[in-house]
Amino acid sequence: MTLPGFLHHPLSTTALLALLAVVGGNARAQTPDVVQDLYRDALRSIADGRRDDATDALERVIAQEPLHAGAWLDLALVRCDLGNMAEAERLFQAIEQRFAPPPEIRQLIAQARAGGCAGWQPRPLYSLSLGRGWSRNVNQGANSATYQPVDGGDGLVLLPDFLPRRDQYTALSADYIRDLTPNGTQGFVQFQGRRHDSLHDYDSYSLFAGIDTPWRIRQWKLRTTATVGYATLGSQLYQRQVQLQAQLMPPLPLPKTLQLSLHAGVTHVDYRTLDNFRGTTGEVRSQLTWRSGSHYASASFGLLDDKAAEDRPGGNRHGNSLSLQYRQLLGAGTGELGYTRQSWRSASAYAAGLIDETRRQQAHLLRAAYTYPLGRSHNLVLEARRIHNRENISIFQYDDTQLQLSWQWLGP
């Protein structure tokens, strides 16, 4: 047997090491590989918060290997977490009689009994962030005020409102996550708002809500997420969005520091103040993550396909995305660097008779952040962003630099 996954019990690791010394040895060596695989699947379910799945897997382990002490103890604690005091007590007594557990295990059982197995309680997590920032190009104004068609025809001259405008702003964001079921399903709500000091036509607020559910089929790990959201720009409802996502983690023979995941998603966006801009975007993406001590890095690459719902300028478009991220402890805080590139190519001319070019876009985002802890639940975050949007149609090109200092409060 391997170490159980009841990480919410502070004495679990020490106690289990003692228990292993009592019931290990030859009996453990004779445990079939199939039972070991089933037990590892149960531990993954516990780690993911899928208690019902863990219960089923642990019962099957015990049925095939009645002397699997780790499975007995894990099952008792999971039953206790679910509020089944009578069944948990039966299992605790069986452990005491069959395995003669050492004092650490008896103390762990006594703690569970003293708690009364109150049952599953939904766990809330939340955070709040308040910041001040500055943007060099709030309105994504064009780098060039003129457009000259490739055929040499009459050009276009942009009004001053379409050129870069800078301003300071106040940003507020809040996140709330709550367990919905004992098997790991969670609901979440996210709010983001930005109010500018002067350019209030570009004030933005968004609210998203969704459900996230983990699944496991043998050693394959799957996570599905459904999200709906609304966004305002200025004083008007600007965008409505519906999104479905799936993340699949196959059991590949990779080093423990590496993990490969596959992502797929569909997003439908409806612009409430713009005609002929509705569209549905599909994405498939692979992501490789690396964790080693205080270091974290990830790289992902995806393919994008955006179907226009109506006669949108440029029609359908397809593209790709690349994202790189690195994070590590830096002094008393955490430093982070990120780079994202997204490319699009439209299927037809942007506006026949006016702009006859087929739009090709490549946006680059560079991000650097430093998080300094002020206490157990409070952080100070300094963030810088640099955006380069490069296009073949000059009046769509823009650059922006943003700086933001935020106070962050993290709930339990």
# chains A, B, ... in the order shown; residues from 1 in each chain; ligands from 1
$ select_by_dssp --residues "range 113-182 of chain A" --states "strand (DSSP E)" --output "MDAnalysis selection string"
chainID A and resid 124:135 146:147 156:157 167:179
$ residues_around --residues "range 390-403 of chain A" --least-positions-apart "5" --cutoff "10 Å" --atoms "only C-alpha atoms" --output "PyMOL selection string"
chain A and resi 132-150+156-158+162-166+168+343-345+350+355-369+382-385
$ write_last_selection --atoms "N, CA and C atoms" --output "short mmCIF file (atom, residue, chain, number, x, y, z; two decimals), in the first residue's frame"
data_model
loop_
_atom_site.label_atom_id
_atom_site.label_comp_id
_atom_site.auth_asym_id
_atom_site.auth_seq_id
_atom_site.Cartn_x
_atom_site.Cartn_y
_atom_site.Cartn_z
N ARG A 132 -4.67 50.58 -8.15
CA ARG A 132 -4.58 51.80 -8.95
C ARG A 132 -3.60 51.54 -10.09
N GLY A 133 -3.98 52.03 -11.29
CA GLY A 133 -3.15 51.77 -12.44
C GLY A 133 -3.12 52.92 -13.43
N TRP A 134 -2.26 52.75 -14.42
CA TRP A 134 -2.09 53.75 -15.47
C TRP A 134 -1.95 53.02 -16.80
N SER A 135 -2.63 53.52 -17.83
CA SER A 135 -2.57 52.94 -19.17
C SER A 135 -2.23 54.03 -20.18
N ARG A 136 -1.29 53.70 -21.05
CA ARG A 136 -0.86 54.68 -22.06
C ARG A 136 -1.84 54.74 -23.23
N ASN A 137 -2.68 53.71 -23.38
CA ASN A 137 -3.59 53.65 -24.53
C ASN A 137 -4.89 52.99 -24.09
N VAL A 138 -5.70 53.73 -23.36
CA VAL A 138 -6.93 53.20 -22.80
C VAL A 138 -7.88 52.70 -23.88
N ASN A 139 -7.99 53.42 -24.99
CA ASN A 139 -8.97 53.14 -26.04
C ASN A 139 -8.41 52.27 -27.16
N GLN A 140 -7.20 51.73 -27.00
CA GLN A 140 -6.55 50.95 -28.06
C GLN A 140 -6.50 51.76 -29.35
N GLY A 141 -6.11 53.02 -29.21
CA GLY A 141 -6.00 53.92 -30.35
C GLY A 141 -4.89 53.51 -31.31
N ALA A 142 -5.09 53.79 -32.59
CA ALA A 142 -4.18 53.35 -33.64
C ALA A 142 -2.84 54.08 -33.57
N ASN A 143 -1.78 53.35 -33.92
CA ASN A 143 -0.45 53.97 -33.99
C ASN A 143 -0.36 54.98 -35.12
N SER A 144 -1.10 54.72 -36.20
CA SER A 144 -1.06 55.60 -37.37
C SER A 144 -2.43 56.24 -37.58
N ALA A 145 -2.44 57.53 -37.88
CA ALA A 145 -3.71 58.24 -38.07
C ALA A 145 -4.23 58.10 -39.49
N THR A 146 -3.45 57.51 -40.40
CA THR A 146 -3.87 57.42 -41.80
C THR A 146 -3.78 55.99 -42.30
N TYR A 147 -4.62 55.70 -43.28
CA TYR A 147 -4.59 54.41 -43.95
C TYR A 147 -4.53 54.64 -45.46
N GLN A 148 -3.55 54.02 -46.10
CA GLN A 148 -3.39 54.13 -47.54
C GLN A 148 -3.64 52.76 -48.17
N PRO A 149 -4.71 52.61 -48.98
CA PRO A 149 -5.00 51.32 -49.61
C PRO A 149 -3.83 50.84 -50.47
N VAL A 150 -3.70 49.53 -50.59
CA VAL A 150 -2.61 48.94 -51.38
C VAL A 150 -2.78 49.23 -52.86
N LEU A 156 -7.64 56.95 -45.78
CA LEU A 156 -8.51 57.30 -44.68
C LEU A 156 -7.71 58.04 -43.64
N VAL A 157 -8.35 59.02 -42.98
CA VAL A 157 -7.72 59.77 -41.89
C VAL A 157 -8.61 59.61 -40.65
N LEU A 158 -8.03 59.11 -39.57
CA LEU A 158 -8.79 58.86 -38.35
C LEU A 158 -9.03 60.15 -37.57
N PHE A 162 -9.82 58.31 -32.15
CA PHE A 162 -9.34 56.97 -32.48
C PHE A 162 -7.82 56.85 -32.37
N LEU A 163 -7.18 57.89 -31.83
CA LEU A 163 -5.75 57.85 -31.56
C LEU A 163 -5.53 57.57 -30.06
N PRO A 164 -4.34 57.14 -29.66
CA PRO A 164 -4.10 56.74 -28.27
C PRO A 164 -4.44 57.83 -27.27
N ARG A 165 -5.13 57.42 -26.20
CA ARG A 165 -5.47 58.33 -25.11
C ARG A 165 -5.09 57.65 -23.79
N ARG A 166 -4.39 58.37 -22.95
CA ARG A 166 -3.90 57.80 -21.69
C ARG A 166 -4.74 58.27 -20.52
N GLN A 168 -5.45 57.34 -15.92
CA GLN A 168 -5.29 56.50 -14.73
C GLN A 168 -6.64 55.86 -14.40
N SER A 343 -2.45 34.94 -32.97
CA SER A 343 -2.46 35.31 -34.39
C SER A 343 -3.81 34.96 -35.00
N TRP A 344 -4.29 35.84 -35.89
CA TRP A 344 -5.55 35.64 -36.60
C TRP A 344 -5.37 35.98 -38.07
N ARG A 345 -6.08 35.25 -38.92
CA ARG A 345 -6.13 35.57 -40.34
C ARG A 345 -7.58 35.42 -40.81
N TYR A 350 -11.72 42.93 -45.40
CA TYR A 350 -12.34 43.47 -44.20
C TYR A 350 -13.60 44.26 -44.53
N ILE A 355 -11.90 49.00 -47.42
CA ILE A 355 -10.64 48.34 -47.04
C ILE A 355 -10.67 46.96 -47.67
N ASP A 356 -10.01 46.80 -48.78
CA ASP A 356 -10.08 45.56 -49.54
C ASP A 356 -9.04 44.52 -49.11
N GLU A 357 -8.26 44.83 -48.09
CA GLU A 357 -7.25 43.88 -47.62
C GLU A 357 -7.87 42.83 -46.69
N THR A 358 -7.31 41.64 -46.73
CA THR A 358 -7.69 40.59 -45.80
C THR A 358 -6.88 40.78 -44.53
N ARG A 359 -7.55 40.91 -43.43
CA ARG A 359 -6.91 41.28 -42.17
C ARG A 359 -6.04 40.14 -41.62
N ARG A 360 -4.81 40.47 -41.25
CA ARG A 360 -3.89 39.54 -40.59
C ARG A 360 -3.39 40.22 -39.31
N GLN A 361 -3.64 39.59 -38.19
CA GLN A 361 -3.36 40.19 -36.89
C GLN A 361 -2.43 39.29 -36.07
N GLN A 362 -1.51 39.91 -35.35
CA GLN A 362 -0.67 39.19 -34.40
C GLN A 362 -0.45 40.09 -33.18
N ALA A 363 -1.01 39.66 -32.06
CA ALA A 363 -0.94 40.44 -30.82
C ALA A 363 0.04 39.78 -29.86
N HIS A 364 0.92 40.59 -29.26
CA HIS A 364 1.92 40.11 -28.31
C HIS A 364 1.68 40.79 -26.97
N LEU A 365 1.69 40.00 -25.90
CA LEU A 365 1.53 40.52 -24.56
C LEU A 365 2.70 40.06 -23.70
N LEU A 366 3.42 41.00 -23.11
CA LEU A 366 4.48 40.73 -22.16
C LEU A 366 4.00 41.16 -20.78
N ARG A 367 4.20 40.31 -19.79
CA ARG A 367 3.71 40.61 -18.45
C ARG A 367 4.77 40.27 -17.42
N ALA A 368 4.94 41.14 -16.44
CA ALA A 368 5.83 40.90 -15.31
C ALA A 368 5.10 41.31 -14.03
N ALA A 369 5.21 40.50 -13.00
CA ALA A 369 4.51 40.81 -11.75
C ALA A 369 5.36 40.36 -10.56
N LEU A 382 2.58 44.19 -7.67
CA LEU A 382 3.00 45.18 -8.66
C LEU A 382 3.07 44.48 -10.01
N GLU A 383 2.38 45.04 -11.00
CA GLU A 383 2.26 44.37 -12.31
C GLU A 383 2.51 45.36 -13.43
N ALA A 384 3.23 44.90 -14.45
CA ALA A 384 3.48 45.69 -15.66
C ALA A 384 3.11 44.87 -16.88
N ARG A 385 2.45 45.51 -17.85
CA ARG A 385 2.06 44.85 -19.09
C ARG A 385 2.49 45.70 -20.29
#
$ atom_distance --atom1 "CA of Ala231 in chain A" --atom2 "CA of Tyr205 in chain A"
5.6 Å
$ atom_distance --atom1 "CA of Val269 in chain A" --atom2 "CA of Arg312 in chain A"
12.8 Å
$ residues_around --residues "Gln247 in chain A" --least-positions-apart "5" --cutoff "9 Å" --atoms "only C-alpha atoms" --output "list in words"
Lys221, Leu222, Arg223, Thr224, Thr225, Ser261, Leu262, His263, Ala264 and Gly265 of chain A
$ residues_around --residues "Arg60 in chain A" --least-positions-apart "4" --cutoff "12 Å" --atoms "only C-alpha atoms" --output "NGL selection string"
:A and (34-39 or 41-42 or 53-56 or 64-66 or 68 or 71-72 or 75)
$ atom_distance --atom1 "CA of Pro373 in chain A" --atom2 "CA of Arg178 in chain A"
24.5 Å
$ select_by_dssp --residues "range 24-248 of chain A" --states "alpha helix (DSSP H)" --output "ChimeraX atom specification"
/A:26-29,33-47,51-64,69-81,85-99,103-115
$ write_last_selection --atoms "C-alpha atoms" --output "compact mmCIF listing (two decimals), in the first residue's frame"
# COMPACT_ATOMS: atom_id res chain seq x y z
CA ASN A 26 5.54 -9.38 3.34
CA ALA A 27 1.82 -8.73 3.24
CA ARG A 28 2.42 -5.43 1.46
CA ALA A 29 4.79 -7.00 -1.03
CA ASP A 33 -0.55 -4.43 -8.89
CA VAL A 34 -4.21 -4.08 -9.85
CA VAL A 35 -5.08 -3.31 -6.22
CA GLN A 36 -2.27 -0.79 -6.01
CA ASP A 37 -3.56 0.96 -9.15
CA LEU A 38 -7.07 1.03 -7.70
CA TYR A 39 -5.77 2.45 -4.43
CA ARG A 40 -3.81 5.16 -6.21
CA ASP A 41 -7.00 6.06 -8.08
CA ALA A 42 -8.77 6.41 -4.72
CA LEU A 43 -6.04 8.73 -3.45
CA ARG A 44 -6.36 10.90 -6.53
CA SER A 45 -10.10 11.11 -5.93
CA ILE A 46 -9.50 12.24 -2.33
CA ALA A 47 -7.00 14.85 -3.50
CA ARG A 51 -15.32 11.73 -1.92
CA ASP A 52 -18.06 9.57 -3.47
CA ASP A 53 -15.64 8.24 -6.09
CA ALA A 54 -13.01 7.68 -3.38
CA THR A 55 -15.48 5.68 -1.28
CA ASP A 56 -16.32 3.38 -4.19
CA ALA A 57 -12.65 2.78 -5.04
CA LEU A 58 -11.62 2.14 -1.42
CA GLU A 59 -14.42 -0.38 -0.91
CA ARG A 60 -13.20 -2.27 -3.97
CA VAL A 61 -9.63 -2.23 -2.65
CA ILE A 62 -10.75 -3.74 0.66
CA ALA A 63 -12.86 -6.35 -1.12
CA GLN A 64 -9.78 -7.53 -3.06
CA ALA A 69 -4.74 -1.04 6.30
CA GLY A 70 -4.33 2.23 4.42
CA ALA A 71 -7.59 1.66 2.54
CA TRP A 72 -9.42 0.86 5.81
CA LEU A 73 -8.20 4.07 7.44
CA ASP A 74 -8.87 6.24 4.39
CA LEU A 75 -12.38 4.82 4.02
CA ALA A 76 -13.16 5.45 7.69
CA LEU A 77 -12.03 9.08 7.46
CA VAL A 78 -13.91 9.69 4.20
CA ARG A 79 -17.06 8.18 5.73
CA CYS A 80 -16.59 10.48 8.72
CA ASP A 81 -16.16 13.50 6.42
CA MET A 85 -20.82 8.35 11.99
CA ALA A 86 -22.16 4.81 12.41
CA GLU A 87 -20.23 3.45 9.42
CA ALA A 88 -17.10 5.39 10.34
CA GLU A 89 -17.23 4.01 13.90
CA ARG A 90 -17.60 0.45 12.57
CA LEU A 91 -14.49 0.96 10.45
CA PHE A 92 -12.55 2.58 13.31
CA GLN A 93 -13.30 -0.41 15.55
CA ALA A 94 -12.26 -2.84 12.82
CA ILE A 95 -8.93 -1.00 12.42
CA GLU A 96 -8.29 -1.14 16.19
CA GLN A 97 -9.07 -4.86 16.34
CA ARG A 98 -7.37 -6.07 13.14
CA PHE A 99 -4.22 -3.96 12.97
CA PRO A 103 -0.57 5.64 19.37
CA GLU A 104 -0.42 8.09 16.42
CA ILE A 105 -3.20 6.27 14.60
CA ARG A 106 -5.29 5.97 17.77
CA GLN A 107 -4.90 9.71 18.30
CA LEU A 108 -6.05 10.39 14.74
CA ILE A 109 -9.12 8.18 15.25
CA ALA A 110 -9.84 9.88 18.59
CA GLN A 111 -9.76 13.28 16.90
CA ALA A 112 -12.24 12.11 14.27
CA ARG A 113 -14.54 10.70 16.95
CA ALA A 114 -14.32 13.87 19.01
CA GLY A 115 -15.38 15.90 15.98
